[in-house]
$ cat start.txt   # compact mmCIF, C-alpha atoms
# COMPACT_ATOMS: atom_id res chain seq x y z
CA MET R 1 0.00 0.00 0.00
CA ASN R 2 1.49 3.36 -1.00
CA LYS R 3 1.71 6.40 1.23
CA LEU R 4 -1.25 8.12 -0.43
CA SER R 5 -3.50 5.09 0.11
CA SER R 6 -2.38 4.82 3.72
CA SER R 7 -3.08 8.49 4.27
CA VAL R 8 -6.54 8.18 2.74
CA LEU R 9 -7.26 5.11 4.88
CA ILE R 10 -6.15 6.82 8.10
CA THR R 11 -8.17 9.92 7.23
CA SER R 12 -11.21 7.75 6.56
CA ILE R 13 -10.85 5.93 9.87
CA ILE R 14 -10.51 9.21 11.76
CA TYR R 15 -13.56 10.56 9.94
CA ILE R 16 -15.59 7.47 10.82
CA LEU R 17 -14.49 7.56 14.46
CA VAL R 18 -15.19 11.26 14.82
CA ASN R 19 -18.58 10.99 13.18
CA SER R 20 -19.42 7.87 15.17
CA GLN R 21 -18.66 9.84 18.31
CA ILE R 22 -20.89 12.67 17.10
CA ILE R 23 -23.71 10.24 16.37
CA PHE R 24 -23.22 8.53 19.74
CA ALA R 25 -23.17 11.85 21.53
CA GLY R 26 -26.46 12.82 19.87
CA ILE R 27 -27.66 16.40 19.91
CA TRP R 28 -27.11 17.07 23.62
CA GLU R 29 -23.85 18.48 24.97
CA GLU R 30 -22.96 18.42 28.64
CA LYS R 31 -22.41 21.97 29.87
CA THR R 32 -20.92 21.71 33.36
CA VAL R 33 -17.38 23.03 32.81
CA GLY R 34 -16.32 25.03 35.86
CA LEU R 35 -18.69 23.42 38.33
CA GLU R 36 -16.74 22.33 41.38
CA GLU R 37 -18.68 19.22 42.40
CA LYS R 38 -17.08 15.90 41.45
CA TYR R 39 -20.51 14.83 40.29
CA SER R 40 -22.71 17.71 39.28
CA THR R 41 -25.87 18.19 41.34
CA VAL R 42 -27.47 20.81 39.15
CA ILE R 43 -30.67 22.13 40.68
CA ASN R 44 -32.06 24.89 38.48
CA ILE R 45 -31.14 27.29 35.69
CA SER R 46 -32.44 30.79 35.01
CA SER R 47 -31.40 33.92 33.10
CA ARG R 48 -31.12 37.68 33.41
CA ASN R 49 -30.49 39.57 30.20
CA ASP R 50 -27.64 37.65 28.49
CA THR R 51 -26.40 35.90 31.65
CA LEU R 52 -27.36 32.42 32.77
CA PHE R 53 -27.49 31.51 36.47
CA LEU R 54 -27.31 27.97 37.81
CA MET R 55 -27.57 26.37 41.23
CA ASN R 56 -25.18 23.44 41.68
CA GLY R 57 -25.23 21.91 45.12
CA ALA R 58 -25.02 24.90 47.46
CA ILE R 59 -23.20 27.21 45.02
CA LEU R 60 -24.69 29.78 42.66
CA TYR R 61 -22.85 30.02 39.32
CA TYR R 62 -23.15 32.29 36.29
CA SER R 63 -22.26 32.00 32.60
CA THR R 64 -21.97 34.70 29.95
CA ASN R 65 -21.24 32.26 27.09
CA LEU R 66 -24.47 30.23 26.97
CA GLY R 67 -23.22 27.62 29.42
CA ASP R 68 -19.88 26.79 27.76
CA SER R 69 -18.21 27.61 31.08
CA TRP R 70 -19.38 28.53 34.56
CA ASN R 71 -17.99 30.81 37.26
CA VAL R 72 -18.89 31.07 40.93
CA TYR R 73 -21.31 33.93 41.57
CA THR R 74 -21.56 33.55 45.32
CA LEU R 75 -20.77 31.16 48.16
CA CYS R 76 -22.70 33.17 50.70
CA LEU R 77 -25.62 30.84 51.40
CA LEU R 78 -26.14 30.67 55.14
CA GLU R 79 -27.05 26.98 55.07
CA PRO R 80 -26.20 24.45 52.38
CA LEU R 81 -28.95 23.51 50.01
CA SER R 82 -29.84 19.88 49.49
CA LYS R 83 -26.99 17.94 47.91
CA VAL R 84 -29.55 15.59 46.41
CA PRO R 85 -31.33 17.34 43.51
CA SER R 86 -35.07 17.62 43.88
CA LEU R 87 -38.03 18.98 41.99
CA GLY R 88 -38.58 21.36 44.88
CA ASN R 89 -35.52 23.51 44.15
CA GLN R 90 -35.78 26.70 42.12
CA ILE R 91 -34.13 30.06 41.47
CA ILE R 92 -35.73 33.16 40.04
CA THR R 93 -33.78 36.16 38.74
CA LEU R 94 -34.93 39.75 39.29
CA ASN R 95 -33.40 43.08 38.27
CA ASN R 96 -31.43 43.62 41.47
CA SER R 97 -31.56 40.28 43.26
CA ILE R 98 -31.90 36.53 42.92
CA ILE R 99 -34.35 34.46 44.96
CA VAL R 100 -33.31 30.88 45.75
CA MET R 101 -35.78 28.23 46.91
CA ASN R 102 -34.77 24.88 48.39
CA VAL R 103 -36.67 21.63 48.86
CA TRP R 104 -36.19 21.91 52.63
CA HIS R 105 -38.37 25.06 52.56
CA LEU R 106 -35.43 27.43 52.77
CA LEU R 107 -35.66 30.70 50.87
CA TYR R 108 -32.81 33.15 50.26
CA ARG R 109 -32.42 36.56 48.69
CA ILE R 110 -29.07 37.36 47.06
CA ASP R 111 -28.61 41.02 46.13
CA ASN R 112 -26.32 42.39 43.42
CA SER R 113 -23.52 42.84 45.95
CA LYS R 114 -23.74 39.02 46.36
CA GLN R 115 -24.86 39.23 49.96
CA CYS R 116 -27.40 36.68 51.20
CA GLU R 117 -30.27 36.87 53.62
CA LYS R 118 -32.61 34.11 54.70
CA ILE R 119 -36.30 34.77 54.04
CA LEU R 120 -39.04 33.68 56.44
CA LEU R 121 -42.36 34.41 54.79
CA ASP R 122 -44.48 34.29 57.94
CA GLY R 123 -41.83 35.37 60.44
CA LYS R 124 -41.55 31.92 62.00
CA LYS R 125 -38.51 29.71 62.26
CA ASN R 126 -39.19 27.89 58.99
CA ASN R 127 -41.42 28.27 55.99
CA SER R 128 -44.19 25.70 55.77
CA ALA R 129 -43.80 23.89 52.44
CA LEU R 130 -42.44 26.03 49.63
CA VAL R 131 -43.43 24.66 46.22
CA ASP R 132 -43.01 27.36 43.55
CA LEU R 133 -41.95 30.90 42.66
CA ALA R 134 -43.23 33.27 39.97
CA LYS R 135 -42.73 36.89 39.00
CA ASN R 136 -44.08 39.76 36.93
CA LYS R 137 -42.90 43.30 36.38
CA ASN R 138 -43.75 44.56 39.87
CA PHE R 139 -43.94 41.51 42.13
CA VAL R 140 -42.35 38.19 42.98
CA PHE R 141 -44.66 35.48 44.33
CA ALA R 142 -43.95 32.47 46.57
CA ALA R 143 -46.31 29.53 47.06
CA ASP R 144 -45.98 28.03 50.56
CA TYR R 145 -48.26 25.01 51.03
CA ASN R 146 -51.76 26.55 50.60
CA LYS R 147 -50.72 30.20 50.90
CA ILE R 148 -49.32 32.65 48.36
CA TYR R 149 -47.07 35.52 49.40
CA ARG R 150 -45.92 38.48 47.31
CA SER R 151 -43.09 40.99 47.49
CA SER R 152 -42.91 44.37 45.77
CA ASP R 153 -39.28 45.06 46.76
CA GLU R 154 -37.56 42.03 45.20
CA GLY R 155 -37.86 39.81 48.24
CA LYS R 156 -36.97 42.18 51.09
CA THR R 157 -40.47 42.16 52.58
CA TRP R 158 -43.41 39.87 51.95
CA ARG R 159 -47.18 40.13 52.34
CA LEU R 160 -49.75 37.34 52.41
CA THR R 161 -52.18 37.54 49.49
CA ASN R 162 -55.86 36.71 49.79
CA TYR R 163 -55.54 33.27 48.21
CA LYS R 164 -57.90 30.90 50.07
CA GLY R 165 -56.97 27.44 48.79
CA ASP R 166 -57.78 24.35 50.81
CA ASN R 167 -55.16 21.99 49.43
CA ARG R 168 -51.44 22.02 48.83
CA LEU R 169 -50.36 24.14 45.88
CA THR R 170 -48.31 22.57 43.10
CA CYS R 171 -47.71 25.43 40.67
CA ILE R 172 -48.08 29.18 40.25
CA ALA R 173 -47.54 31.25 37.09
CA ALA R 174 -47.72 35.00 36.58
CA ASN R 175 -47.36 37.85 34.12
CA ASP R 176 -48.22 41.54 34.34
CA THR R 177 -51.93 40.83 33.80
CA ALA R 178 -52.74 37.79 35.94
CA ILE R 179 -51.44 35.19 38.38
CA PHE R 180 -52.61 31.56 38.35
CA ALA R 181 -52.48 28.81 40.98
CA LEU R 182 -52.89 25.02 40.80
CA GLU R 183 -53.60 22.66 43.68
CA ASP R 184 -52.63 18.99 43.83
CA ILE R 185 -56.14 17.51 44.11
CA SER R 186 -57.73 16.10 40.94
CA LEU R 187 -60.68 17.97 39.43
CA THR R 188 -59.97 21.19 41.29
CA PRO R 189 -60.21 24.31 39.13
CA ILE R 190 -57.44 26.73 38.27
CA TYR R 191 -57.44 29.85 40.45
CA ARG R 192 -56.84 33.25 38.88
CA SER R 193 -56.22 36.79 40.11
CA PHE R 194 -56.11 39.97 38.02
CA ASP R 195 -54.91 42.20 40.89
CA ASN R 196 -51.74 40.43 42.06
CA GLY R 197 -53.49 38.25 44.61
CA ASP R 198 -56.03 40.57 46.25
CA ASN R 199 -59.02 38.82 44.68
CA TRP R 200 -59.28 35.29 43.25
CA GLU R 201 -61.73 33.45 41.05
CA GLU R 202 -62.07 29.92 39.72
CA VAL R 203 -61.61 29.12 36.02
CA PRO R 204 -62.27 25.65 34.58
CA PHE R 205 -59.74 23.55 32.75
CA PHE R 206 -60.39 21.77 29.44
CA ASN R 207 -63.19 19.20 29.83
CA GLN R 208 -63.30 20.27 33.50
CA GLY R 209 -60.08 18.28 33.99
CA LYS R 210 -62.11 15.05 34.14
CA ASP R 211 -59.45 12.89 32.53
CA PHE R 212 -56.46 14.45 34.23
CA PRO R 213 -55.88 17.95 35.65
CA PRO R 214 -52.93 20.11 34.54
CA SER R 215 -49.63 19.67 36.37
CA LYS R 216 -47.85 22.83 35.24
CA LEU R 217 -48.65 26.26 33.77
CA VAL R 218 -46.42 28.62 31.77
CA ILE R 219 -47.36 32.06 30.40
CA ASP R 220 -45.73 33.33 27.19
CA ASN R 221 -46.79 36.43 25.23
CA ASN R 222 -50.09 36.48 27.14
CA ILE R 223 -50.88 32.88 26.12
CA LEU R 224 -51.33 30.37 28.94
CA TYR R 225 -49.97 26.85 28.34
CA ALA R 226 -50.69 23.71 30.35
CA TYR R 227 -49.57 20.07 30.31
CA ALA R 228 -52.13 17.42 31.32
CA ALA R 229 -51.83 13.76 30.30
CA GLN R 230 -55.45 13.31 29.32
CA GLN R 231 -56.64 10.36 27.31
CA GLU R 232 -56.96 12.26 24.03
CA TYR R 233 -54.68 15.28 24.46
CA LEU R 234 -51.42 16.19 26.20
CA PHE R 235 -50.95 19.93 25.79
CA PHE R 236 -53.30 22.91 25.89
CA SER R 237 -53.30 26.68 25.42
CA SER R 238 -55.59 29.53 26.38
CA SER R 239 -55.61 32.99 24.79
CA ASN R 240 -58.16 34.40 27.24
CA TYR R 241 -56.38 33.75 30.53
CA GLY R 242 -57.83 30.33 31.22
CA MET R 243 -61.49 30.95 30.49
CA THR R 244 -61.42 28.60 27.51
CA TRP R 245 -58.81 26.05 26.47
CA GLU R 246 -57.71 24.73 23.09
CA PRO R 247 -56.05 21.30 22.87
CA ILE R 248 -52.93 21.77 20.72
CA LEU R 249 -51.18 18.39 20.98
CA LYS R 250 -52.91 15.04 20.68
CA ASN R 251 -51.89 12.14 22.89
CA THR R 252 -50.44 9.88 20.19
CA CYS R 253 -47.79 8.34 22.43
CA TYR R 254 -49.09 4.80 22.39
CA SER R 255 -50.52 4.66 18.88
CA GLU R 256 -47.58 6.38 17.22
CA PHE R 257 -44.63 5.22 19.33
CA GLY R 258 -45.86 2.28 21.37
CA PHE R 259 -44.71 4.36 24.35
CA SER R 260 -46.53 5.23 27.53
CA SER R 261 -48.02 8.70 27.92
CA ASN R 262 -47.70 8.47 31.71
CA PRO R 263 -44.09 7.49 32.40
CA PRO R 264 -42.87 7.33 36.01
CA THR R 265 -40.85 10.45 35.27
CA TRP R 266 -41.83 14.09 35.56
CA VAL R 267 -42.80 15.99 32.42
CA GLU R 268 -41.16 19.40 32.17
CA PHE R 269 -41.72 22.10 29.53
CA ASP R 270 -40.80 25.70 28.77
CA VAL R 271 -42.17 28.30 26.34
CA LYS R 272 -40.29 31.38 25.11
CA ASP R 273 -41.55 33.58 22.25
CA ASP R 274 -43.89 30.88 20.91
CA TYR R 275 -41.18 28.18 21.00
CA ILE R 276 -42.43 25.23 23.07
CA PHE R 277 -40.16 22.44 24.29
CA LEU R 278 -41.88 19.52 26.00
CA ALA R 279 -39.41 17.13 27.65
CA ASN R 280 -40.33 13.52 28.27
CA MET R 281 -43.54 13.67 26.25
CA CYS R 282 -43.48 9.86 26.01
CA SER R 283 -41.26 7.18 27.50
CA GLU R 284 -40.55 3.56 26.66
CA GLN R 285 -38.97 1.42 29.35
CA LYS R 286 -35.77 -0.34 28.33
CA ASN R 287 -34.77 -3.82 29.43
CA GLU R 288 -33.37 -2.50 32.71
CA PRO R 289 -35.94 -1.30 35.27
CA GLY R 290 -36.01 2.47 35.66
CA HIS R 291 -34.37 3.17 32.28
CA PHE R 292 -36.23 4.80 29.43
CA THR R 293 -36.04 5.89 25.81
CA GLN R 294 -37.73 9.27 25.70
CA VAL R 295 -39.58 11.30 23.10
CA TYR R 296 -39.51 15.08 23.23
CA GLY R 297 -41.97 17.33 21.43
CA PHE R 298 -41.38 20.89 20.28
CA SER R 299 -43.10 23.61 18.28
CA SER R 300 -41.82 26.93 16.98
CA ASN R 301 -45.22 28.52 16.39
CA GLY R 302 -47.07 28.22 19.67
CA GLY R 303 -48.31 24.69 19.09
CA LYS R 304 -49.83 25.01 15.62
CA ASN R 305 -47.35 22.44 14.30
CA TRP R 306 -45.34 19.91 16.29
CA ASN R 307 -42.17 17.89 15.83
CA LYS R 308 -40.80 14.98 17.82
CA VAL R 309 -37.30 13.74 18.49
CA ILE R 310 -36.36 10.45 20.19
CA CYS R 311 -33.60 10.90 22.76
CA PRO R 312 -32.01 7.75 24.20
CA GLU R 313 -29.27 9.70 25.96
CA PHE R 314 -31.05 10.21 29.28
CA ASP R 315 -32.60 7.91 31.84
CA GLY R 316 -35.12 8.81 34.47
CA LEU R 317 -35.96 12.22 35.81
CA HIS R 318 -35.70 15.67 34.22
CA SER R 319 -36.03 18.46 36.74
CA GLN R 320 -36.14 21.34 34.25
CA ALA R 321 -36.44 22.29 30.60
CA PHE R 322 -35.29 25.82 29.76
CA VAL R 323 -35.44 27.67 26.42
CA PHE R 324 -32.86 30.45 26.00
CA LYS R 325 -31.94 32.19 22.74
CA ASP R 326 -31.09 29.56 20.07
CA TYR R 327 -30.80 26.69 22.55
CA VAL R 328 -32.77 24.33 24.75
CA PHE R 329 -31.28 23.36 28.12
CA LEU R 330 -32.13 20.26 30.14
CA VAL R 331 -31.34 19.43 33.74
CA ALA R 332 -31.24 15.62 33.53
CA GLU R 333 -30.18 12.61 35.56
CA ALA R 334 -26.64 11.63 34.72
CA TYR R 335 -25.27 9.40 37.47
CA ILE R 336 -26.54 7.39 40.41
CA ASP R 337 -24.17 6.59 43.30
CA GLY R 338 -25.84 4.56 46.01
CA ASP R 339 -28.64 6.65 47.46
CA HIS R 340 -27.52 9.82 45.65
CA THR R 341 -28.75 10.89 42.24
CA TYR R 342 -26.63 13.41 40.36
CA ARG R 343 -27.91 15.65 37.60
CA LYS R 344 -26.07 17.63 34.98
CA LEU R 345 -26.88 20.41 32.56
CA TYR R 346 -27.19 19.62 28.85
CA ARG R 347 -27.66 21.91 25.86
CA ALA R 348 -28.99 21.36 22.34
CA LYS R 349 -29.30 23.73 19.40
CA LYS R 350 -32.82 24.28 18.14
CA THR R 351 -31.57 23.69 14.61
CA ASP R 352 -30.11 20.32 15.63
CA LEU R 353 -33.43 19.33 17.14
CA TYR R 354 -35.08 20.04 13.80
CA ASN R 355 -32.42 18.05 11.95
CA TYR R 356 -33.14 14.99 14.11
CA ALA R 357 -36.89 15.50 14.26
CA THR R 358 -39.90 14.19 12.40
CA VAL R 359 -43.35 15.72 12.21
CA ILE R 360 -45.98 14.65 14.71
CA ASN R 361 -49.07 13.63 12.79
CA ASP R 362 -52.15 15.40 14.00
CA GLU R 363 -55.66 15.76 12.72
CA THR R 364 -56.54 19.12 11.23
CA LYS R 365 -58.08 21.15 14.02
CA THR R 366 -61.76 21.80 13.50
CA GLU R 367 -62.53 25.50 13.23
CA LEU R 368 -65.93 27.09 13.56
CA GLY R 369 -65.53 29.07 10.33
CA ILE R 370 -67.41 32.22 11.31
CA TYR R 371 -67.28 35.07 8.79
CA PRO R 372 -66.39 37.79 8.06
CA ASN R 373 -63.23 37.81 10.17
CA PRO R 374 -62.18 40.56 10.88
CA THR R 375 -65.60 42.18 11.12
CA GLN R 376 -67.06 45.59 11.87
CA ILE R 377 -70.78 44.92 12.26
CA SER R 378 -71.69 41.25 12.71
CA ILE R 379 -70.47 37.67 12.47
CA ASN R 380 -72.21 34.84 10.66
CA ILE R 381 -72.44 31.25 11.90
CA PRO R 382 -72.09 28.53 9.22
CA ASN R 383 -75.14 26.40 8.48
CA ASP R 384 -73.63 23.15 9.78
CA ALA R 385 -72.89 24.79 13.14
CA LEU R 386 -76.50 25.98 13.38
CA ILE R 387 -77.59 22.35 13.22
CA ASN R 388 -75.20 20.97 15.89
CA TYR R 389 -74.99 23.81 18.43
CA THR R 390 -77.66 25.62 20.42
CA LYS R 391 -75.96 28.24 22.63
CA TYR R 392 -73.16 30.78 22.29
CA LYS R 393 -70.92 32.92 24.48
CA ILE R 394 -68.49 35.63 23.42
CA TYR R 395 -65.50 36.43 25.67
CA ASP R 396 -62.94 39.21 25.60
CA ILE R 397 -59.21 38.42 25.84
CA TYR R 398 -59.41 38.43 29.65
CA GLY R 399 -62.06 35.71 29.73
CA ARG R 400 -64.96 38.01 30.62
CA VAL R 401 -68.32 37.15 29.06
CA ILE R 402 -69.45 40.01 26.78
CA ILE R 403 -72.65 38.45 25.49
CA GLU R 404 -74.36 35.05 25.56
CA GLY R 405 -77.60 33.45 24.49
CA GLU R 406 -79.47 30.92 22.40
CA ILE R 407 -78.55 30.59 18.73
CA ASN R 408 -81.79 31.80 17.16
CA SER R 409 -80.36 33.14 13.92
CA LYS R 410 -77.31 32.89 11.73
CA GLN R 411 -76.07 36.40 12.52
CA ILE R 412 -74.76 37.89 15.77
CA ASP R 413 -74.44 41.66 16.09
CA VAL R 414 -71.04 42.83 17.44
CA SER R 415 -71.18 46.43 16.21
CA ASN R 416 -71.15 47.83 19.76
CA PHE R 417 -68.07 45.83 20.82
CA PRO R 418 -64.84 47.79 21.38
CA ASN R 419 -62.20 46.98 18.78
CA GLY R 420 -60.11 43.98 19.77
CA VAL R 421 -59.77 40.19 19.82
CA TYR R 422 -62.65 37.99 21.01
CA ASN R 423 -63.48 34.30 21.38
CA ILE R 424 -66.86 32.85 20.48
CA ILE R 425 -67.87 29.47 21.91
CA LEU R 426 -70.76 27.40 20.62
CA THR R 427 -72.11 24.60 22.82
CA GLY R 428 -74.28 21.63 21.96
CA PRO R 429 -75.59 18.67 23.95
CA ASP R 430 -72.16 17.04 24.24
CA LYS R 431 -69.68 19.25 22.37
CA ARG R 432 -68.08 22.68 22.25
CA LEU R 433 -66.43 24.60 19.43
CA PHE R 434 -64.72 27.97 19.56
CA GLN R 435 -62.85 30.44 17.37
CA LYS R 436 -61.08 33.75 17.68
CA PHE R 437 -62.33 36.74 15.74
CA ILE R 438 -61.32 40.38 15.44
CA LYS R 439 -63.66 43.36 15.75
CA ASN R 440 -62.24 46.45 14.00

$ encode --input "start.txt" --output "structure tokens"
Amino acid sequence: MNKLSSSVLITSIIYILVNSQIIFAGIWEEKTVGLEEKYSTVINISSRNDTLFLMNGAILYYSTNLGDSWNVYTLCLLEPLSKVPSLGNQIITLNNSIIVMNVWHLLYRIDNSKQCEKILLDGKKNNSALVDLAKNKNFVFAADYNKIYRSSDEGKTWRLTNYKGDNRLTCIAANDTAIFALEDISLTPIYRSFDNGDNWEEVPFFNQGKDFPPSKLVIDNNILYAYAAQQEYLFFSSSNYGMTWEPILKNTCYSEFGFSSNPPTWVEFDVKDDYIFLANMCSEQKNEPGHFTQVYGFSSNGGKNWNKVICPEFDGLHSQAFVFKDYVFLVAEAYIDGDHTYRKLYRAKKTDLYNYATVINDETKTELGIYPNPTQISINIPNDALINYTKYKIYDIYGRVIIEGEINSKQIDVSNFPNGVYNIILTGPDKRLFQKFIKN
């Protein structure tokens, strides 16, 4: 064999090995460079402007290069956080401080001078059972068992809101318009406040949550998103702050993949600027107990179209999915040592997800088909809808009923409505159908 042939052969082998490694590595890169733990115990990731923040063990880190490397932000925590990662841990970043929540019900405020103070919401020795944090432009909220507290000074002082729940809270979500709360008892409604917790009202979930209630809420661009592993659907959205819900992802896990839609692992999702990433949408157990091949779902247009990607890289629990700029981050189980489970941070490019993905087949969503849309004077109901539906309600974008009644004619007068976006819902004996329309 001559030198040229040998060189070509060696180059080919290197190419194969390198590309085999790339294929083996998949689309997820571990991003824990600079973390001081021998085995990473990543708890939670968040962002402020272009900086990422990450809790690892009892140390708060930051990264200005999208997680390629991490530096210690502060070591000032008064008590160490849990060394064993848990779903109960969370951090939330504000303009001039960072709030850290721990599974042992510890809450800390870290100001921009990197000084820490322990927060006791009710002034007692310990908080009751912290479960979630949320924020909007003027307030940060903390859910503590069946109470919700708020702070208007970035965590320095806290006041109890008027939330009157009976059961343990599981999730809160907020934006500048509304705050929402979920309890952990099946068939309970979603609770909503338009005045930062002073007054609360109940709003129903899709199908009254009969199959399965939502387990998490996220608000993005004034759209409310919820995951609930119901028999027919998995993912839902609401454009009127929870008054009505649209199913936007069918539960095709078993029929399409042969996978379970209710794996013994927690489903996490995040939504940023209409990009949805749903981790652990489906799971198939491998030969070894407790090990899974997982399917993730994602959409770049708020759930109108969905893609799926099968990810065999991870086993077991994900404690967070986080969308940031052109990337998706996952906090995922990486190593089990005796009684201790270690988690690491992984990152994937959105473009790589698309390259590995296939389209999720879904039936075309049925639309009411009212016309004209936009309209100035009236809307017309199609003839087939007149046959199948008997009542109507029209809501504004905040879920308030503007008008309702029996469907006695094809035309509904909206000439006196203020200009804006509305939802009309038609109801029949056993069905509902709704559509957005614009009055201009």

$ residues_around --input "start.txt" --residues "Ala321 in chain R" --least-positions-apart "4" --cutoff "8 Å" --atoms "only C-alpha atoms" --output "list of chain:residue names"
R:Glu268, R:Phe269, R:Asp270, R:Phe277, R:Leu278, R:Ala279, R:Val328, R:Phe329, R:Leu330, R:Val331

$ closest_residue --input "start.txt" --among "R:Pro382, R:Pro372, R:Gly242, R:Gly405" --to "Phe437 in chain R" --atoms "all atoms listed in the file"
R:Pro372

$ atom_distance --input "start.txt" --atom1 "CA of Ile27 in chain R" --atom2 "CA of Leu353 in chain R"
7.0 Å

$ atom_distance --input "start.txt" --atom1 "CA of Ala58 in chain R" --atom2 "CA of Glu183 in chain R"
28.9 Å

$ residues_around --input "start.txt" --residues "Ala174 in chain R" --least-positions-apart "5" --cutoff "10 Å" --atoms "all atoms listed in the file" --output "PyMOL selection string"
chain R and resi 133-137+139-141+179-181+192-194+196+217-220+222+224

$ residues_around --input "start.txt" --residues "range 300-314 of chain R" --least-positions-apart "2" --cutoff "6 Å" --atoms "all atoms listed in the file" --output "PyMOL selection string"
chain R and resi 248+274-275+293-298+357-360

$ write_last_selection --input "start.txt" --atoms "C-alpha atoms" --output "mmCIF file, in the frame of the given file"
data_model
loop_
_atom_site.group_PDB
_atom_site.id
_atom_site.type_symbol
_atom_site.label_atom_id
_atom_site.label_comp_id
_atom_site.auth_asym_id
_atom_site.auth_seq_id
_atom_site.Cartn_x
_atom_site.Cartn_y
_atom_site.Cartn_z
ATOM 1 C CA ILE R 248 -52.930 21.770 20.720
ATOM 2 C CA ASP R 274 -43.890 30.880 20.910
ATOM 3 C CA TYR R 275 -41.180 28.180 21.000
ATOM 4 C CA THR R 293 -36.040 5.890 25.810
ATOM 5 C CA GLN R 294 -37.730 9.270 25.700
ATOM 6 C CA VAL R 295 -39.580 11.300 23.100
ATOM 7 C CA TYR R 296 -39.510 15.080 23.230
ATOM 8 C CA GLY R 297 -41.970 17.330 21.430
ATOM 9 C CA PHE R 298 -41.380 20.890 20.280
ATOM 10 C CA ALA R 357 -36.890 15.500 14.260
ATOM 11 C CA THR R 358 -39.900 14.190 12.400
ATOM 12 C CA VAL R 359 -43.350 15.720 12.210
ATOM 13 C CA ILE R 360 -45.980 14.650 14.710
#

$ atom_distance --input "start.txt" --atom1 "CA of Lys114 in chain R" --atom2 "CA of Val131 in chain R"
24.4 Å
